[in-house]
Amino acid sequence: MSAADTVTLDDKLRFLGSAAAYPDLGAPPDCVETHMSWLFFAGDHVLKLKKPVRFAFLDFSTLGAREFDCREELRLNSRLAPGVYLGLLALQAGPAGLALVPEPRRPAPGRTVDWLVQMRRLPAHRNLLGLIAQARVEPTEIGALVAVLAAFYRHAPTTGLTAAQYQARLRRGQADNRAVLLRPPSQLRDAARTLDRFDAKLLEHGALLGARAQNGKVVEGHGDLRPEHVWLLKPPVVIDCLEFNARLRQVDPFDEIAFLALECGMAGAPWIGAHLLEGCSIALADRPGAALWWLYTADAALRRARLAMAHLLDAVPRTPARWPPLAQRYLERAQIALDALDALDAVSATTNRGTP
């Protein structure tokens, strides 16, 4: 058995977290662990190592799967973050130990034991989430973001989903929400009632949702459009596209925009949502209507509540006390959206009856 065959995950992390991996830097990097990767902040660059994990929605369990996903990450993120994703690095094991080898320099003497994505480090002070926390976001900056997003959606390929397929996906997502949010011993307040309300709205507005797919409005989008992925540079860039599952990138642009609006509101800037909706409606010449906006907002909030609670399904959950309160906040946002939808539906029903 060669030395490369005995390299463990701990060996990789120990090396990547040491100064030895970055001879030009001469110092160990800062390391951040996420649900699916480790990020190493080394000087002007960030390196991402994917965890060798398998979930229902992704599989990084093999070296080949991680390499493929790294290449997809480069390809897809070039759309909204040009010049940020720089290339792949091979983590190689050889007689002298581990080394990082830029892909253009391969083949090298060692054996590749993993792959990392190399990114340009972006200025932390221009991240949208941080700017919201400091109340330093300007409407003109959101206007610039709208221009970038609208251009992206105008050129995004359509998916060819039928109305029935799109409706079925939304129902499957809601079934996933139920499976997690009602899983014992969950004590989330009003979870069952909120889920029941959204089930009713999906049924009531099924034709509206299906028409979006039927009219070619469902495209290959970003898939995870959150403020922590937005940098208000000139022009703005959006990183961390959801690269590992093509189906989850197949979205209505206004679904993604409602998701970003929800997250900005959760962070303390609800005004951003109105700017995003109005700006994208004009730029895309598409006004989907308030009912669709609140449907997508409720759907996004329930999905985020589910993903929060899903952390507790890990064998060893990280920060387990964090997730139930966060899920409860998202449930409350879903209830607000459903209340707004109820009000719209009541007005529509009154109008249809011809009541003065």
# chains A, B, ... in the order shown; residues from 1 in each chain; ligands from 1
$ closest_atom_pairs --of "region 102-165 of chain A" --to "region 198-217 of chain A" --cutoff "8 Å" --atoms "only C-alpha atoms" --output "Markdown table"
| residue | atom | partner | partner_atom | distance |
| --- | --- | --- | --- | --- |
| A:Thr158 | CA | A:Gly216 | CA | 6.1 |
| A:Thr159 | CA | A:Gly216 | CA | 7.6 |
| A:Gly160 | CA | A:Gly216 | CA | 6.9 |
| A:Leu161 | CA | A:Ala213 | CA | 5.9 |
| A:Thr162 | CA | A:Gln214 | CA | 5.6 |
| A:Ala163 | CA | A:Gly210 | CA | 4.0 |
| A:Ala164 | CA | A:Gly210 | CA | 6.5 |
$ write_last_selection --atoms "all heavy atoms" --output "mmCIF file, in the first residue's frame"
data_model
loop_
_atom_site.group_PDB
_atom_site.id
_atom_site.type_symbol
_atom_site.label_atom_id
_atom_site.label_comp_id
_atom_site.auth_asym_id
_atom_site.auth_seq_id
_atom_site.Cartn_x
_atom_site.Cartn_y
_atom_site.Cartn_z
ATOM 1 N N THR A 158 -34.374 27.989 -20.485
ATOM 2 C CA THR A 158 -35.601 27.491 -19.874
ATOM 3 C C THR A 158 -35.474 25.981 -19.661
ATOM 4 O O THR A 158 -34.647 25.313 -20.297
ATOM 5 C CB THR A 158 -36.824 27.798 -20.736
ATOM 6 O OG1 THR A 158 -36.645 27.204 -22.032
ATOM 7 C CG2 THR A 158 -37.000 29.303 -20.901
ATOM 8 N N THR A 159 -36.303 25.460 -18.770
ATOM 9 C CA THR A 159 -36.154 24.063 -18.365
ATOM 10 C C THR A 159 -37.033 23.102 -19.137
ATOM 11 O O THR A 159 -36.770 21.903 -19.135
ATOM 12 C CB THR A 159 -36.490 23.919 -16.873
ATOM 13 O OG1 THR A 159 -37.865 24.281 -16.669
ATOM 14 C CG2 THR A 159 -35.598 24.820 -16.033
ATOM 15 N N GLY A 160 -38.104 23.595 -19.746
ATOM 16 C CA GLY A 160 -39.031 22.699 -20.428
ATOM 17 C C GLY A 160 -39.982 21.977 -19.496
ATOM 18 O O GLY A 160 -40.709 21.078 -19.925
ATOM 19 N N LEU A 161 -39.997 22.361 -18.209
ATOM 20 C CA LEU A 161 -40.940 21.738 -17.281
ATOM 21 C C LEU A 161 -42.373 22.049 -17.702
ATOM 22 O O LEU A 161 -42.690 23.176 -18.076
ATOM 23 C CB LEU A 161 -40.709 22.255 -15.862
ATOM 24 C CG LEU A 161 -39.522 21.709 -15.081
ATOM 25 C CD1 LEU A 161 -39.397 22.440 -13.758
ATOM 26 C CD2 LEU A 161 -39.681 20.214 -14.835
ATOM 27 N N THR A 162 -43.233 21.063 -17.612
ATOM 28 C CA THR A 162 -44.651 21.279 -17.866
ATOM 29 C C THR A 162 -45.314 21.830 -16.601
ATOM 30 O O THR A 162 -44.736 21.789 -15.505
ATOM 31 C CB THR A 162 -45.347 19.976 -18.256
ATOM 32 O OG1 THR A 162 -45.325 19.083 -17.134
ATOM 33 C CG2 THR A 162 -44.659 19.328 -19.446
ATOM 34 N N ALA A 163 -46.542 22.304 -16.766
ATOM 35 C CA ALA A 163 -47.286 22.789 -15.606
ATOM 36 C C ALA A 163 -47.429 21.697 -14.558
ATOM 37 O O ALA A 163 -47.226 21.929 -13.357
ATOM 38 C CB ALA A 163 -48.658 23.295 -16.047
ATOM 39 N N ALA A 164 -47.768 20.489 -14.989
ATOM 40 C CA ALA A 164 -47.966 19.387 -14.042
ATOM 41 C C ALA A 164 -46.672 19.037 -13.315
ATOM 42 O O ALA A 164 -46.677 18.758 -12.112
ATOM 43 C CB ALA A 164 -48.509 18.164 -14.775
#
$ residues_around --residues "Pro185 (chain A)" --least-positions-apart "4" --cutoff "12 Å" --atoms "only C-alpha atoms" --output "MDAnalysis selection string"
chainID A and resid 180:181 309 312:313 324
$ select_by_dssp --residues "region 56-251 of chain A" --states "helix (DSSP H, G or I)" --output "ChimeraX atom specification"
/A:63-77,103-105,124-126,128-133,139-155,163-181,191-204,206-214,227-229,246-249
$ residues_around --residues "Glu141 (chain A)" --least-positions-apart "4" --cutoff "10 Å" --atoms "only C-alpha atoms" --output "list in words"
Leu128, Val137, Leu145, Val146, Ala147, Leu232, Leu233, Lys234, Pro235 and Pro236 of chain A
$ residues_around --residues "region 279-288 of chain A" --least-positions-apart "6" --cutoff "9 Å" --atoms "only C-alpha atoms" --output "ChimeraX atom specification"
/A:142-143,146-147,149-151,153-154,212,253-254,257
$ select_by_dssp --residues "region 105-264 of chain A" --states "strand (DSSP E or B)" --output "compact mmCIF listing (two decimals) with all heavy atoms, in the first residue's frame"
# COMPACT_ATOMS: atom_id res chain seq x y z
N ARG A 111 0.08 11.41 -6.24
CA ARG A 111 -1.24 10.89 -6.58
C ARG A 111 -2.29 11.84 -6.01
O ARG A 111 -2.21 12.25 -4.85
CB ARG A 111 -1.42 9.50 -5.98
CG ARG A 111 -2.81 8.93 -6.18
CD ARG A 111 -2.93 7.58 -5.52
NE ARG A 111 -4.31 7.11 -5.57
CZ ARG A 111 -4.75 5.98 -5.02
NH1 ARG A 111 -3.90 5.21 -4.37
NH2 ARG A 111 -6.02 5.63 -5.12
N THR A 112 -3.29 12.18 -6.83
CA THR A 112 -4.33 13.09 -6.38
C THR A 112 -5.25 12.37 -5.40
O THR A 112 -5.81 11.32 -5.71
CB THR A 112 -5.15 13.62 -7.58
OG1 THR A 112 -4.28 14.36 -8.44
CG2 THR A 112 -6.28 14.52 -7.11
N VAL A 113 -5.39 12.97 -4.20
CA VAL A 113 -6.25 12.38 -3.16
C VAL A 113 -7.49 13.24 -2.91
O VAL A 113 -8.40 12.81 -2.21
CB VAL A 113 -5.46 12.16 -1.85
CG1 VAL A 113 -4.36 11.14 -2.07
CG2 VAL A 113 -4.89 13.46 -1.32
N ASP A 114 -7.50 14.46 -3.46
CA ASP A 114 -8.70 15.28 -3.36
C ASP A 114 -8.55 16.49 -4.28
O ASP A 114 -7.49 16.71 -4.87
CB ASP A 114 -8.99 15.74 -1.94
CG ASP A 114 -10.46 15.52 -1.57
OD1 ASP A 114 -11.34 15.87 -2.40
OD2 ASP A 114 -10.73 14.98 -0.49
N TRP A 115 -9.66 17.25 -4.40
CA TRP A 115 -9.69 18.43 -5.26
C TRP A 115 -10.23 19.60 -4.46
O TRP A 115 -11.11 19.44 -3.61
CB TRP A 115 -10.59 18.19 -6.47
CG TRP A 115 -10.03 17.19 -7.43
CD1 TRP A 115 -10.24 15.84 -7.44
CD2 TRP A 115 -9.16 17.47 -8.52
NE1 TRP A 115 -9.56 15.25 -8.46
CE2 TRP A 115 -8.87 16.23 -9.16
CE3 TRP A 115 -8.59 18.62 -9.03
CZ2 TRP A 115 -8.06 16.12 -10.26
CZ3 TRP A 115 -7.76 18.52 -10.14
CH2 TRP A 115 -7.50 17.29 -10.75
N LEU A 116 -9.71 20.80 -4.76
CA LEU A 116 -10.20 22.01 -4.14
C LEU A 116 -10.50 23.05 -5.21
O LEU A 116 -9.84 23.10 -6.26
CB LEU A 116 -9.17 22.60 -3.16
CG LEU A 116 -8.88 21.80 -1.89
CD1 LEU A 116 -7.72 20.84 -2.13
CD2 LEU A 116 -8.56 22.72 -0.72
N VAL A 117 -11.50 23.87 -4.95
CA VAL A 117 -11.80 25.02 -5.80
C VAL A 117 -11.05 26.22 -5.24
O VAL A 117 -11.08 26.48 -4.04
CB VAL A 117 -13.32 25.31 -5.82
CG1 VAL A 117 -13.62 26.59 -6.58
CG2 VAL A 117 -14.07 24.14 -6.45
N GLN A 118 -10.37 26.95 -6.13
CA GLN A 118 -9.65 28.15 -5.72
C GLN A 118 -10.43 29.38 -6.17
O GLN A 118 -10.82 29.49 -7.33
CB GLN A 118 -8.25 28.20 -6.31
CG GLN A 118 -7.42 29.38 -5.83
CD GLN A 118 -6.01 29.38 -6.40
OE1 GLN A 118 -5.79 28.91 -7.51
NE2 GLN A 118 -5.05 29.90 -5.66
N MET A 119 -10.65 30.31 -5.23
CA MET A 119 -11.42 31.51 -5.50
C MET A 119 -10.62 32.75 -5.14
O MET A 119 -9.72 32.70 -4.29
CB MET A 119 -12.72 31.52 -4.67
CG MET A 119 -13.62 30.34 -4.89
SD MET A 119 -14.92 30.25 -3.60
CE MET A 119 -15.75 31.82 -3.86
N ARG A 120 -10.95 33.85 -5.78
CA ARG A 120 -10.43 35.14 -5.37
C ARG A 120 -11.15 35.57 -4.11
O ARG A 120 -12.37 35.49 -4.02
CB ARG A 120 -10.65 36.17 -6.50
CG ARG A 120 -10.23 37.59 -6.15
CD ARG A 120 -10.18 38.45 -7.40
NE ARG A 120 -11.48 38.58 -8.05
CZ ARG A 120 -12.37 39.55 -7.78
NH1 ARG A 120 -12.10 40.44 -6.83
NH2 ARG A 120 -13.51 39.61 -8.43
N ASN A 127 -19.94 42.65 1.47
CA ASN A 127 -20.93 41.58 1.46
C ASN A 127 -22.30 42.14 1.86
O ASN A 127 -22.41 42.90 2.82
CB ASN A 127 -20.51 40.47 2.42
CG ASN A 127 -21.55 39.36 2.50
OD1 ASN A 127 -22.28 39.27 3.47
ND2 ASN A 127 -21.61 38.54 1.48
N THR A 158 -34.37 27.99 -20.48
CA THR A 158 -35.60 27.49 -19.87
C THR A 158 -35.47 25.98 -19.66
O THR A 158 -34.65 25.31 -20.30
CB THR A 158 -36.82 27.80 -20.74
OG1 THR A 158 -36.64 27.20 -22.03
CG2 THR A 158 -37.00 29.30 -20.90
N VAL A 219 -36.50 28.65 -15.28
CA VAL A 219 -35.20 28.65 -15.94
C VAL A 219 -34.16 27.98 -15.04
O VAL A 219 -34.42 27.66 -13.88
CB VAL A 219 -34.75 30.09 -16.27
CG1 VAL A 219 -35.77 30.78 -17.16
CG2 VAL A 219 -34.51 30.90 -14.99
N GLU A 220 -32.96 27.81 -15.59
CA GLU A 220 -31.83 27.35 -14.77
C GLU A 220 -31.23 28.56 -14.08
O GLU A 220 -30.52 29.36 -14.69
CB GLU A 220 -30.77 26.64 -15.60
CG GLU A 220 -29.67 26.08 -14.70
CD GLU A 220 -28.61 25.29 -15.45
OE1 GLU A 220 -28.27 25.67 -16.58
OE2 GLU A 220 -28.11 24.32 -14.87
N VAL A 230 -24.05 37.53 -1.91
CA VAL A 230 -24.06 38.71 -2.78
C VAL A 230 -22.99 39.69 -2.31
O VAL A 230 -22.93 40.04 -1.12
CB VAL A 230 -25.44 39.40 -2.76
CG1 VAL A 230 -25.41 40.69 -3.58
CG2 VAL A 230 -26.52 38.44 -3.27
N TRP A 231 -22.16 40.13 -3.24
CA TRP A 231 -21.17 41.17 -2.96
C TRP A 231 -21.51 42.40 -3.80
O TRP A 231 -21.62 42.31 -5.03
CB TRP A 231 -19.77 40.67 -3.31
CG TRP A 231 -18.98 40.22 -2.12
CD1 TRP A 231 -17.98 40.89 -1.49
CD2 TRP A 231 -19.13 38.98 -1.40
NE1 TRP A 231 -17.51 40.17 -0.42
CE2 TRP A 231 -18.18 38.99 -0.34
CE3 TRP A 231 -19.97 37.89 -1.53
CZ2 TRP A 231 -18.06 37.94 0.56
CZ3 TRP A 231 -19.85 36.84 -0.64
CH2 TRP A 231 -18.90 36.87 0.39
N VAL A 237 -21.49 40.92 -7.72
CA VAL A 237 -21.30 39.51 -8.07
C VAL A 237 -22.08 38.66 -7.08
O VAL A 237 -22.31 39.05 -5.93
CB VAL A 237 -19.81 39.09 -8.09
CG1 VAL A 237 -19.04 39.89 -9.11
CG2 VAL A 237 -19.19 39.23 -6.70
N VAL A 238 -22.49 37.48 -7.55
CA VAL A 238 -23.21 36.53 -6.71
C VAL A 238 -22.47 35.20 -6.79
O VAL A 238 -22.29 34.66 -7.89
CB VAL A 238 -24.67 36.35 -7.17
CG1 VAL A 238 -25.42 35.44 -6.20
CG2 VAL A 238 -25.37 37.69 -7.29
N GLN A 250 -33.56 24.74 -10.99
CA GLN A 250 -34.63 25.01 -11.95
C GLN A 250 -35.74 25.78 -11.23
O GLN A 250 -36.54 25.20 -10.49
CB GLN A 250 -35.15 23.69 -12.53
CG GLN A 250 -34.09 22.97 -13.36
CD GLN A 250 -34.55 21.63 -13.87
OE1 GLN A 250 -35.52 21.05 -13.39
NE2 GLN A 250 -33.86 21.11 -14.88
N VAL A 251 -35.76 27.08 -11.45
CA VAL A 251 -36.61 27.97 -10.65
C VAL A 251 -37.25 29.04 -11.52
O VAL A 251 -36.76 29.39 -12.59
CB VAL A 251 -35.79 28.67 -9.54
CG1 VAL A 251 -35.29 27.67 -8.51
CG2 VAL A 251 -34.63 29.44 -10.14
$ closest_residue --among "A:Arg66, A:Arg136, A:Arg71, A:Arg121" --to "Phe40 (chain A)" --atoms "only C-alpha atoms"
A:Arg121
$ residues_around --residues "region 79-81 of chain A" --least-positions-apart "3" --cutoff "8 Å" --atoms "only C-alpha atoms" --output "ChimeraX atom specification"
/A:75-76,84-85,148,152,237-239
$ closest_residue --among "A:Ala321, A:Leu341, A:Ala261, A:Ala269" --to "Leu295 (chain A)" --atoms "only C-alpha atoms"
A:Leu341
$ atom_distance --atom1 "CA of Pro184 (chain A)" --atom2 "CA of Glu332 (chain A)"
19.9 Å
$ closest_residue --among "A:Glu138, A:Leu344, A:Arg322, A:Leu338" --to "Trp271 (chain A)" --atoms "only C-alpha atoms"
A:Glu138
$ residues_around --residues "Lys51 (chain A)" --least-positions-apart "2" --cutoff "7 Å" --atoms "only C-alpha atoms" --output "ChimeraX atom specification"
/A:36-37,49,53,60
$ write_last_selection --atoms "N, CA and C atoms" --output "compact mmCIF listing (two decimals), in the first residue's frame"
# COMPACT_ATOMS: atom_id res chain seq x y z
N MET A 36 -21.31 21.54 4.22
CA MET A 36 -20.85 20.63 3.18
C MET A 36 -19.41 20.82 2.77
N SER A 37 -18.66 21.72 3.42
CA SER A 37 -17.29 21.97 2.99
C SER A 37 -16.48 22.63 4.09
N LEU A 49 -12.66 22.87 0.15
CA LEU A 49 -12.59 21.41 0.14
C LEU A 49 -13.97 20.86 0.48
N VAL A 53 -19.34 13.53 1.94
CA VAL A 53 -20.63 13.19 2.53
C VAL A 53 -21.62 12.80 1.44
N PHE A 60 -21.08 13.55 -2.39
CA PHE A 60 -19.66 13.90 -2.47
C PHE A 60 -18.80 12.77 -1.92
$ atom_distance --atom1 "CA of Val347 (chain A)" --atom2 "CA of Leu277 (chain A)"
21.8 Å
$ residues_around --residues "region 314-316 of chain A" --least-positions-apart "2" --cutoff "12 Å" --atoms "only C-alpha atoms" --output "number ranges by chain"
A: 35-36, 53-55, 307-312, 318-320
